[in-house]
file run.txt (compact mmCIF, C-alpha atoms)
# COMPACT_ATOMS: atom_id res chain seq x y z
CA MET A 2 -25.70 -203.78 18.04
CA ALA A 3 -26.36 -206.26 20.89
CA TYR A 4 -23.44 -208.54 20.05
CA LEU A 5 -23.65 -212.08 21.41
CA ALA A 6 -20.57 -213.92 22.62
CA PRO A 7 -19.53 -217.02 20.63
CA SER A 8 -20.69 -219.41 23.37
CA GLU A 9 -24.14 -217.80 23.14
CA PHE A 10 -24.56 -217.67 19.36
CA VAL A 11 -23.23 -221.20 18.81
CA THR A 12 -25.94 -222.47 21.17
CA LYS A 13 -28.46 -220.61 19.03
CA LEU A 14 -27.03 -222.29 15.95
CA ILE A 15 -27.54 -225.71 17.56
CA ASP A 16 -31.11 -224.74 18.45
CA ALA A 17 -31.65 -223.73 14.82
CA GLY A 18 -30.24 -227.04 13.60
CA GLU A 19 -32.63 -228.95 15.85
CA SER A 20 -35.51 -226.86 14.52
CA LYS A 21 -34.56 -227.65 10.91
CA ILE A 22 -34.46 -231.40 11.53
CA MET A 23 -37.81 -231.44 13.35
CA MET A 24 -39.61 -229.12 10.89
CA SER A 25 -42.56 -230.45 8.89
CA THR A 26 -42.15 -231.36 5.24
CA LYS A 27 -44.51 -228.59 4.13
CA ASP A 28 -42.73 -225.85 6.05
CA THR A 29 -39.30 -227.05 4.94
CA LEU A 30 -40.32 -227.03 1.28
CA VAL A 31 -42.05 -223.64 1.43
CA ARG A 32 -39.15 -221.97 3.22
CA SER A 33 -36.51 -223.49 0.95
CA TYR A 34 -38.54 -222.69 -2.18
CA MET A 35 -38.70 -219.03 -1.23
CA ALA A 36 -35.01 -219.00 -0.30
CA GLY A 37 -34.04 -220.32 -3.72
CA ALA A 38 -36.31 -217.87 -5.51
CA THR A 39 -35.09 -214.88 -3.47
CA LEU A 40 -31.39 -215.65 -3.82
CA ALA A 41 -31.84 -216.21 -7.56
CA LEU A 42 -33.41 -212.78 -7.95
CA ALA A 43 -30.48 -211.25 -6.06
CA ALA A 44 -28.09 -213.04 -8.43
CA ALA A 45 -29.94 -211.59 -11.45
CA PHE A 46 -29.74 -208.18 -9.79
CA ALA A 47 -25.99 -208.47 -9.23
CA VAL A 48 -25.27 -209.67 -12.79
CA THR A 49 -27.34 -206.78 -14.14
CA ILE A 50 -25.29 -204.33 -12.07
CA ASN A 51 -22.04 -205.89 -13.29
CA VAL A 52 -23.07 -205.61 -16.93
CA GLN A 53 -24.43 -202.07 -16.67
CA THR A 54 -21.54 -200.65 -14.66
CA GLY A 55 -18.70 -202.81 -15.93
CA GLU A 56 -17.54 -203.03 -12.31
CA PRO A 57 -17.82 -206.49 -10.64
CA LEU A 58 -17.23 -204.98 -7.21
CA ALA A 59 -20.51 -203.06 -7.49
CA GLY A 60 -22.48 -206.27 -7.96
CA ALA A 61 -20.61 -207.97 -5.11
CA ILE A 62 -21.35 -205.08 -2.74
CA LEU A 63 -25.09 -205.21 -3.48
CA PHE A 64 -25.69 -208.97 -3.96
CA PRO A 65 -25.92 -209.67 -0.18
CA VAL A 66 -29.26 -207.84 -0.06
CA GLY A 67 -30.94 -211.07 -1.21
CA PHE A 68 -29.17 -213.21 1.39
CA CYS A 69 -30.11 -210.79 4.17
CA MET A 70 -33.73 -210.67 3.03
CA LEU A 71 -34.20 -214.43 2.98
CA TYR A 72 -32.59 -215.02 6.38
CA LEU A 73 -34.52 -212.20 8.04
CA LEU A 74 -37.68 -213.85 6.69
CA GLY A 75 -36.69 -217.23 8.12
CA TYR A 76 -36.13 -219.07 4.82
CA ASP A 77 -33.62 -221.90 4.36
CA LEU A 78 -30.68 -222.39 1.99
CA LEU A 79 -28.96 -225.71 1.38
CA THR A 80 -25.62 -224.10 2.21
CA GLY A 81 -27.00 -223.06 5.60
CA VAL A 82 -28.56 -226.38 6.64
CA PHE A 83 -25.35 -228.15 5.62
CA VAL A 84 -23.91 -226.52 8.76
CA LEU A 85 -26.88 -226.14 11.10
CA ALA A 86 -28.48 -229.60 11.02
CA PRO A 87 -25.32 -231.61 11.91
CA LEU A 88 -24.74 -229.40 14.97
CA ALA A 89 -27.90 -230.79 16.59
CA VAL A 90 -26.70 -234.37 16.01
CA TRP A 91 -23.23 -233.67 17.39
CA ASP A 92 -24.88 -232.10 20.44
CA LYS A 93 -27.09 -235.20 20.89
CA ARG A 94 -30.36 -233.27 20.81
CA PRO A 95 -33.37 -235.60 21.34
CA GLY A 96 -34.88 -236.86 18.10
CA CYS A 97 -31.98 -235.58 15.99
CA ASP A 98 -30.05 -238.18 14.00
CA TRP A 99 -28.33 -238.46 10.63
CA SER A 100 -31.45 -239.77 8.89
CA GLY A 101 -33.18 -236.55 9.93
CA VAL A 102 -30.25 -234.52 8.67
CA LEU A 103 -30.32 -236.26 5.27
CA ARG A 104 -34.10 -235.79 5.07
CA ASN A 105 -33.70 -232.07 5.74
CA TRP A 106 -30.90 -231.70 3.19
CA GLY A 107 -32.90 -233.52 0.53
CA LEU A 108 -36.05 -231.44 1.05
CA VAL A 109 -34.11 -228.16 1.10
CA PHE A 110 -32.28 -229.12 -2.11
CA VAL A 111 -35.61 -229.80 -3.84
CA GLY A 112 -37.18 -226.60 -2.54
CA ASN A 113 -34.18 -224.42 -3.40
CA PHE A 114 -34.00 -225.89 -6.90
CA ALA A 115 -37.70 -225.37 -7.54
CA GLY A 116 -37.54 -221.77 -6.33
CA ALA A 117 -34.40 -220.95 -8.32
CA LEU A 118 -35.85 -222.59 -11.43
CA THR A 119 -39.02 -220.51 -11.10
CA THR A 120 -36.98 -217.30 -10.99
CA ALA A 121 -34.81 -218.56 -13.87
CA PHE A 122 -37.88 -218.94 -16.08
CA LEU A 123 -39.28 -215.54 -15.07
CA MET A 124 -35.96 -213.83 -15.75
CA ALA A 125 -35.58 -215.63 -19.09
CA VAL A 126 -38.98 -214.22 -20.06
CA TYR A 127 -37.82 -210.79 -18.89
CA PHE A 128 -34.50 -210.91 -20.77
CA THR A 129 -36.16 -211.99 -24.07
CA THR A 130 -39.48 -210.09 -23.99
CA GLY A 131 -41.37 -213.32 -23.54
CA PHE A 132 -38.96 -215.30 -25.80
CA ALA A 133 -39.91 -213.03 -28.71
CA THR A 134 -36.49 -211.37 -29.06
CA GLU A 135 -32.82 -212.25 -28.70
CA PRO A 136 -31.57 -212.13 -25.08
CA SER A 137 -30.64 -208.73 -23.71
CA GLU A 138 -27.04 -207.87 -22.89
CA VAL A 139 -27.52 -209.25 -19.38
CA GLY A 140 -29.07 -212.41 -20.81
CA MET A 141 -26.11 -212.91 -23.12
CA LYS A 142 -23.77 -212.51 -20.17
CA LEU A 143 -25.64 -215.23 -18.28
CA ALA A 144 -25.56 -217.57 -21.28
CA GLY A 145 -21.80 -217.08 -21.61
CA THR A 146 -21.28 -217.68 -17.89
CA GLY A 147 -23.04 -221.02 -18.18
CA VAL A 148 -20.66 -222.16 -20.90
CA ALA A 149 -17.48 -220.92 -19.21
CA ARG A 150 -18.28 -222.58 -15.87
CA THR A 151 -19.26 -226.00 -17.26
CA VAL A 152 -17.57 -227.07 -20.51
CA GLY A 153 -14.92 -224.47 -19.79
CA TYR A 154 -13.78 -226.70 -16.92
CA ALA A 155 -14.52 -229.99 -18.69
CA GLU A 156 -11.50 -229.50 -20.94
CA TYR A 157 -9.28 -229.78 -17.86
CA GLY A 158 -10.80 -233.10 -16.78
CA LEU A 159 -10.29 -234.05 -13.15
CA ALA A 160 -8.32 -230.86 -12.48
CA GLY A 161 -11.30 -228.78 -13.65
CA TRP A 162 -13.74 -230.81 -11.53
CA MET A 163 -11.54 -230.44 -8.45
CA THR A 164 -11.20 -226.70 -9.05
CA ILE A 165 -14.98 -226.32 -8.91
CA PHE A 166 -15.05 -228.49 -5.76
CA VAL A 167 -12.48 -226.22 -4.08
CA ARG A 168 -14.38 -223.11 -5.16
CA GLY A 169 -17.46 -224.67 -3.58
CA MET A 170 -15.58 -225.28 -0.34
CA LEU A 171 -14.34 -221.70 -0.18
CA CYS A 172 -17.81 -220.44 -1.00
CA ASN A 173 -19.58 -222.14 1.88
CA TRP A 174 -16.83 -221.25 4.30
CA MET A 175 -17.95 -217.67 3.70
CA VAL A 176 -21.69 -218.27 3.16
CA SER A 177 -22.01 -220.37 6.32
CA THR A 178 -20.15 -217.59 8.15
CA GLY A 179 -22.94 -215.35 6.89
CA VAL A 180 -25.47 -217.80 8.37
CA VAL A 181 -23.62 -217.55 11.67
CA GLY A 182 -23.75 -213.77 11.30
CA ALA A 183 -27.54 -213.92 11.47
CA GLN A 184 -27.19 -215.20 15.06
CA ILE A 185 -24.38 -212.90 16.21
CA SER A 186 -26.68 -209.95 16.97
CA THR A 187 -30.21 -209.48 18.27
CA THR A 188 -30.84 -206.35 16.18
CA VAL A 189 -31.70 -206.18 12.48
CA SER A 190 -28.84 -203.80 11.71
CA GLY A 191 -26.34 -205.99 13.53
CA LYS A 192 -27.51 -209.13 11.73
CA VAL A 193 -27.36 -207.41 8.33
CA ILE A 194 -23.83 -206.10 8.83
CA ALA A 195 -22.58 -209.47 10.07
CA MET A 196 -24.18 -211.30 7.13
CA TRP A 197 -23.14 -208.76 4.50
CA MET A 198 -19.36 -209.03 4.82
CA PRO A 199 -18.70 -212.73 4.05
CA ILE A 200 -21.39 -212.85 1.33
CA MET A 201 -19.82 -209.90 -0.47
CA LEU A 202 -16.44 -211.66 -0.31
CA PHE A 203 -17.73 -214.95 -1.80
CA PHE A 204 -19.56 -213.24 -4.65
CA TYR A 205 -16.67 -211.01 -5.69
CA MET A 206 -14.24 -213.95 -5.64
CA VAL A 207 -16.63 -215.90 -7.93
CA PHE A 208 -16.74 -218.91 -5.63
CA GLU A 209 -19.32 -221.59 -6.48
CA HIS A 210 -22.66 -221.49 -4.61
CA SER A 211 -24.96 -224.43 -5.30
CA VAL A 212 -28.21 -222.46 -4.98
CA VAL A 213 -27.02 -219.47 -7.03
CA ASN A 214 -25.98 -221.97 -9.70
CA MET A 215 -29.47 -223.50 -9.65
CA PHE A 216 -30.50 -220.16 -11.14
CA LEU A 217 -27.52 -219.22 -13.32
CA PHE A 218 -27.20 -222.40 -15.34
CA PRO A 219 -30.89 -223.15 -16.07
CA THR A 220 -31.24 -219.49 -17.09
CA ALA A 221 -28.22 -219.84 -19.38
CA LEU A 222 -29.74 -222.95 -20.98
CA MET A 223 -33.04 -221.16 -21.57
CA LEU A 224 -31.14 -218.30 -23.22
CA GLY A 225 -29.21 -220.50 -25.64
CA GLY A 226 -26.05 -221.37 -23.71
CA ASN A 227 -24.05 -223.96 -25.65
CA PHE A 228 -23.90 -226.73 -23.03
CA THR A 229 -26.19 -229.53 -21.84
CA VAL A 230 -28.10 -230.34 -18.67
CA GLY A 231 -25.62 -233.15 -18.11
CA ASP A 232 -22.71 -230.70 -18.44
CA TYR A 233 -24.36 -228.47 -15.84
CA PHE A 234 -24.85 -231.21 -13.27
CA TRP A 235 -21.55 -233.07 -13.67
CA TRP A 236 -19.27 -230.12 -14.38
CA ASN A 237 -20.80 -227.72 -11.89
CA GLU A 238 -23.70 -228.63 -9.58
CA VAL A 239 -22.34 -231.94 -8.27
CA PRO A 240 -18.82 -230.74 -7.35
CA THR A 241 -20.27 -227.45 -6.08
CA VAL A 242 -22.74 -229.18 -3.73
CA LEU A 243 -20.03 -231.49 -2.41
CA GLY A 244 -17.62 -228.59 -1.98
CA ASN A 245 -20.28 -226.53 -0.20
CA LEU A 246 -20.95 -229.45 2.14
CA VAL A 247 -17.29 -230.04 3.03
CA GLY A 248 -16.42 -226.35 3.33
CA GLY A 249 -19.37 -225.47 5.55
CA LEU A 250 -18.99 -228.48 7.84
CA THR A 251 -15.24 -228.23 8.34
CA PHE A 252 -14.35 -224.54 8.25
CA THR A 253 -17.45 -223.30 10.06
CA GLY A 254 -19.65 -225.85 11.84
CA LEU A 255 -17.02 -228.20 13.21
CA MET A 256 -14.59 -225.43 14.16
CA LEU A 257 -17.17 -223.38 16.07
CA TYR A 258 -18.60 -226.44 17.82
CA THR A 259 -15.28 -227.90 18.95
CA THR A 260 -13.93 -224.67 20.40
CA HIS A 261 -17.06 -222.94 21.75
CA VAL A 262 -19.19 -225.91 22.89
CA ARG A 263 -16.74 -228.78 23.41
CA THR A 264 -14.22 -226.43 24.99
CA SER A 265 -11.05 -228.03 26.32
CA PRO A 266 -10.12 -227.52 29.99
CA LYS A 267 -8.11 -224.42 30.75
CA ARG A 268 -4.43 -224.74 31.45
CA GLY A 269 -3.39 -224.65 35.08
CA ILE A 270 -1.09 -222.02 36.54
CA GLY A 271 2.46 -222.65 35.49
CA ASN A 272 1.47 -224.92 32.57
call {"tool": "encode", "arguments": {"input": "run.txt", "output": "structure tokens"}}
result
Amino acid sequence: MAYLAPSEFVTKLIDAGESKIMMSTKDTLVRSYMAGATLALAAAFAVTINVQTGEPLAGAILFPVGFCMLYLLGYDLLTGVFVLAPLAVWDKRPGCDWSGVLRNWGLVFVGNFAGALTTAFLMAVYFTTGFATEPSEVGMKLAGTGVARTVGYAEYGLAGWMTIFVRGMLCNWMVSTGVVGAQISTTVSGKVIAMWMPIMLFFYMVFEHSVVNMFLFPTALMLGGNFTVGDYFWWNEVPTVLGNLVGGLTFTGLMLYTTHVRTSPKRGIGN
């Protein structure tokens, strides 16, 4: 499967981070729009599988197909650039600074949200026969999910907010590991296998992914979920984004960089 050693694939991650920072506005928006739309469709696919089979593991096993598709096509997720862009700054790549990182994050957030919202509308049409009927069984499941993962946490106050934050951290520990997986091999099969494993884990554990939620909660609102846009942002999207940022930077980006790029000197004989 043409496995690359950590010192090799971490260098490729830094190269990718530099590329993200230096990318044009148009290309960043197009790639992030398509990433949001593709991942949203995979989420709809996985929820459909869960409802039809009654087995959450089945949806978790198959959900990574969307993640693999979008990364093989060179699209960008917010959870991925949270890790990649800072690497180029830490490595002091020319032209890469924190203003460029923040610009990239902002554009990818907008593009991901627009793409996920587009798929949310299309799936809402699909689940309601063009808003002419009550939502299908899958649509009702999505509406209920929106309520449970917003106002369902609001009743716990700060503890609920922090729980979503932690779920966001754990999510991007795994999702950013999937991003790393795309660089671990030079073959398509190797990349897919390396990406598949951590993405399956995050989805089955119901961790919070900011881009998946950009689809789930707008869809739930369109299908009659009993919560507000404000509930969605404050009781889910905001703590999820922050958790994704912290989890990806600390558990993945910083750890890989400090041990495989800024490697400490080896111990001497007898030490």
call {"tool": "residues_near_point", "arguments": {"input": "run.txt", "point": "(-9.0, -219.4, -1.7)", "cutoff": "12 Å", "atoms": "only C-alpha atoms", "output": "ChimeraX atom specification"}}
result
/A:164-175,202-203,206-209,248
call {"tool": "closest_residue", "arguments": {"input": "run.txt", "among": "A:Ala38, A:Val48, A:Ala221, A:Val66", "to": "A:Ile194", "atoms": "all atoms listed in the file"}}
result
A:Val66
call {"tool": "residues_around", "arguments": {"input": "run.txt", "residues": "stretch 6-22 of chain A", "least_positions_apart": "2", "cutoff": "6 Å", "atoms": "only C-alpha atoms", "output": "ChimeraX atom specification"}}
result
/A:24,85-86,88-89,101-102,105,184-185,261
call {"tool": "residues_near_point", "arguments": {"input": "run.txt", "point": "(-24.7, -207.8, -15.2)", "cutoff": "10 Å", "atoms": "all atoms listed in the file", "output": "ChimeraX atom specification"}}
result
/A:44-57,59-60,138-143
call {"tool": "write_last_selection", "arguments": {"input": "run.txt", "atoms": "C-alpha atoms", "output": "PDB file, in the coordinates of the input"}}
result
ATOM      1  CA  ALA A  44     -28.090-213.040  -8.430  1.00  0.00           C
ATOM      2  CA  ALA A  45     -29.940-211.590 -11.450  1.00  0.00           C
ATOM      3  CA  PHE A  46     -29.740-208.180  -9.790  1.00  0.00           C
ATOM      4  CA  ALA A  47     -25.990-208.470  -9.230  1.00  0.00           C
ATOM      5  CA  VAL A  48     -25.270-209.670 -12.790  1.00  0.00           C
ATOM      6  CA  THR A  49     -27.340-206.780 -14.140  1.00  0.00           C
ATOM      7  CA  ILE A  50     -25.290-204.330 -12.070  1.00  0.00           C
ATOM      8  CA  ASN A  51     -22.040-205.890 -13.290  1.00  0.00           C
ATOM      9  CA  VAL A  52     -23.070-205.610 -16.930  1.00  0.00           C
ATOM     10  CA  GLN A  53     -24.430-202.070 -16.670  1.00  0.00           C
ATOM     11  CA  THR A  54     -21.540-200.650 -14.660  1.00  0.00           C
ATOM     12  CA  GLY A  55     -18.700-202.810 -15.930  1.00  0.00           C
ATOM     13  CA  GLU A  56     -17.540-203.030 -12.310  1.00  0.00           C
ATOM     14  CA  PRO A  57     -17.820-206.490 -10.640  1.00  0.00           C
ATOM     15  CA  ALA A  59     -20.510-203.060  -7.490  1.00  0.00           C
ATOM     16  CA  GLY A  60     -22.480-206.270  -7.960  1.00  0.00           C
ATOM     17  CA  GLU A 138     -27.040-207.870 -22.890  1.00  0.00           C
ATOM     18  CA  VAL A 139     -27.520-209.250 -19.380  1.00  0.00           C
ATOM     19  CA  GLY A 140     -29.070-212.410 -20.810  1.00  0.00           C
ATOM     20  CA  MET A 141     -26.110-212.910 -23.120  1.00  0.00           C
ATOM     21  CA  LYS A 142     -23.770-212.510 -20.170  1.00  0.00           C
ATOM     22  CA  LEU A 143     -25.640-215.230 -18.280  1.00  0.00           C
TER      23      LEU A 143
END
call {"tool": "residues_around", "arguments": {"input": "run.txt", "residues": "A:Lys192", "least_positions_apart": "2", "cutoff": "10 Å", "atoms": "only C-alpha atoms", "output": "PyMOL selection string"}}
result
chain A and resi 2-4+69+72-73+179-190+194-197
call {"tool": "atom_distance", "arguments": {"input": "run.txt", "atom1": "atom CA of A:Val230", "atom2": "atom CA of A:Gly147"}}
result
10.6 Å
call {"tool": "axis_aligned_box", "arguments": {"input": "run.txt", "around": "stretch 3-14 of chain A", "padding_each_side": "3 Å", "output": "JSON"}}
result
{"center_x": -24.0, "center_y": -214.4, "center_z": 19.7, "size_x": 14.9, "size_y": 22.2, "size_z": 13.4}
call {"tool": "closest_residue", "arguments": {"input": "run.txt", "among": "A:Arg263, A:Lys93, A:Arg150, A:Arg32", "to": "A:Gly112", "atoms": "all atoms listed in the file"}}
result
A:Arg32
call {"tool": "closest_residue", "arguments": {"input": "run.txt", "among": "A:Met198, A:Val84, A:Leu71, A:Leu224", "to": "A:Ala144", "atoms": "all atoms listed in the file"}}
result
A:Leu224
call {"tool": "atom_distance", "arguments": {"input": "run.txt", "atom1": "atom CA of A:Ala121", "atom2": "atom CA of A:Gly75"}}
result
22.1 Å
call {"tool": "atom_distance", "arguments": {"input": "run.txt", "atom1": "atom CA of A:Ala117", "atom2": "atom CA of A:Ala41"}}
result
5.4 Å
call {"tool": "closest_residue", "arguments": {"input": "run.txt", "among": "A:Asn214, A:Thr146, A:Ser265, A:Thr39", "to": "A:Phe234", "atoms": "only C-alpha atoms"}}
result
A:Asn214
call {"tool": "closest_residue", "arguments": {"input": "run.txt", "among": "A:Val212, A:Met201, A:Leu246, A:Leu108", "to": "A:Ala36", "atoms": "only C-alpha atoms"}}
result
A:Val212
call {"tool": "closest_residue", "arguments": {"input": "run.txt", "among": "A:Val247, A:Leu255, A:Met70, A:Ala125", "to": "A:Thr220", "atoms": "all atoms listed in the file"}}
result
A:Ala125
